[in-house]
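J.: Pasting a structure below so you can have a look.
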Amino acid sequence: MIPAPPPSASPASDETHAPSLGMLLTMVRSEMVRAIEAELAGQGLDLSFTQYLILKKAHQLSAASASELARAVELDGGAMTRQLDQLERKGYLRRTPHAQDRRALRIELTDAGEAVWQNTASVCSERVMAAAQRSLDSTEQAQLYDYLGRVLLALRDKP
């Protein structure tokens with residue numbers, strides 16, 4: 001377990017004893033990405049973490065535009081197009097014309113994409129999240145979620 005730096009410690013001493021908050025968050029994210037990709041591969045799925053996120057958001061949003069999905073998973077338009085092309089080739093999603101706007105396309109999961117999400121990808125994610133939190137009791141899990149949510153809001157609300 002990585003000890004929290006004491007509140008009175010200077011930033012320079014934080015780095016010598018424990019990783020900074022930013023570094024710790026980066027390391028946690030990297031380990032979660034690695035673990036989810038390993039779980040997916042272990043289930044025989046050829047999905048990157050980014051593709052997993054796109055499937056998750058496409059499932060949550062039902063039919064969405066490519067730009068809505070790109071914002072949801074924090075990708076630029078070009079990167080999103082490449083990922084959508086790959087997922088479409090794999091048979092997990094399709095692009096359909098928007099009902100009200102002929103210029104726009106809606107992205108939706110195919111039956112195969114929905115099955116992959118429901119039967120495998122979401123299960124892999126649940127296993128990784130459970131493993132990540134196994135040393136926390138339910139109160140600590142709720143606190144962690146609250147703390148991280150507040151940090152995210154604070155960063156998004158910067159001047």
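Residue numbers start at 1 in each chain; chains themselves are named A, B, ... in the order of the structure tokens; ligands are numbered from 1 in the order shown.
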Considering only C-alpha atoms, return as number ranges by chain whatever protein or nucleic-acid residues lie within 10 Å of range 122-136 of chain A, sequence-local ones (same chain, fewer than 5 positions apart) excluded.
T.: A: 1, 28, 31-43, 52, 55-56, 116-117, 141-144
J.: Extract, using only C-alpha atoms, all DNA, RNA and protein residues at most 8 Å from Ala104 in chain A, discarding same-chain residues fewer than 4 positions from it, and format them as a list of chain:residue names.
T.: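 The contact residues come out as A:Ser65, A:Pro97, A:His98.
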J.: Can you measure CA of Lys90 in chain A to CA of Arg102 in chain A for me? One decimal in Å is fine.
T.: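 For CA of Lys90 in chain A relative to CA of Arg102 in chain A, the distance reads 25.5 Å.
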J.: How would you write, as a VMD selection string, the set of residues in range 9-119 of chain A that DSSP gives as strand (DSSP E or B)?
T.: chain A and resid 64 93 to 97 105 to 109
J.: Restricting the output to C-alpha atoms, write the selected residues as an mmCIF file, in the first residue's frame.
T.:
data_model
loop_
_atom_site.group_PDB
_atom_site.id
_atom_site.type_symbol
_atom_site.label_atom_id
_atom_site.label_comp_id
_atom_site.auth_asym_id
_atom_site.auth_seq_id
_atom_site.Cartn_x
_atom_site.Cartn_y
_atom_site.Cartn_z
ATOM 1 C CA ALA A 64 -25.408 8.372 -30.837
ATOM 2 C CA LEU A 93 -21.483 -1.583 -34.554
ATOM 3 C CA ARG A 94 -23.117 -0.008 -37.561
ATOM 4 C CA ARG A 95 -23.591 3.482 -38.897
ATOM 5 C CA THR A 96 -27.145 4.330 -39.884
ATOM 6 C CA PRO A 97 -28.611 7.519 -41.356
ATOM 7 C CA LEU A 105 -25.047 9.218 -39.041
ATOM 8 C CA ARG A 106 -26.074 7.405 -35.880
ATOM 9 C CA ILE A 107 -23.762 4.828 -34.350
ATOM 10 C CA GLU A 108 -25.440 1.822 -32.791
ATOM 11 C CA LEU A 109 -24.380 -1.571 -31.572
#
J.: Provide the CA of Leu148 in chain A to CA of Met27 in chain A distance in Å, to one decimal place.
T.: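 Computing it gives 14.8 Å between the two atoms.
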J.: Skipping near chain neighbours, those fewer than 5 positions away, what residues fall within 9 Å of Ala72 in chain A using only C-alpha atoms, listed as a PDB file with N, CA and C atoms, in the first residue's frame?
T.:
ATOM      1  N   LEU A  53     -14.276   1.111 -24.379  1.00  0.00           N
ATOM      2  CA  LEU A  53     -14.991   2.318 -23.948  1.00  0.00           C
ATOM      3  C   LEU A  53     -16.059   2.727 -24.955  1.00  0.00           C
ATOM      4  N   ILE A  54     -15.737   2.633 -26.236  1.00  0.00           N
ATOM      5  CA  ILE A  54     -16.714   2.999 -27.266  1.00  0.00           C
ATOM      6  C   ILE A  54     -17.917   2.066 -27.205  1.00  0.00           C
ATOM      7  N   LYS A  57     -20.008   3.096 -24.134  1.00  0.00           N
ATOM      8  CA  LYS A  57     -20.774   4.324 -24.345  1.00  0.00           C
ATOM      9  C   LYS A  57     -21.861   4.125 -25.390  1.00  0.00           C
ATOM     10  N   SER A  67     -19.654  12.229 -33.100  1.00  0.00           N
ATOM     11  CA  SER A  67     -19.102  13.310 -32.269  1.00  0.00           C
ATOM     12  C   SER A  67     -19.545  13.166 -30.816  1.00  0.00           C
TER      13      SER A  67
END
J.: Apply DSSP to the structure's backbone, then extract all residues of chain A labelled alpha helix (DSSP H) and return them as a PyMOL selection string.
T.: chain A and resi 11-17+21-42+49-61+66-73+77-89+111-116+122-132+138-156
J.: Would you compute the distance between CA of Thr81 in chain A and CA of Leu25 in chain A? Give it in Å to one decimal.
T.: 28.2 Å
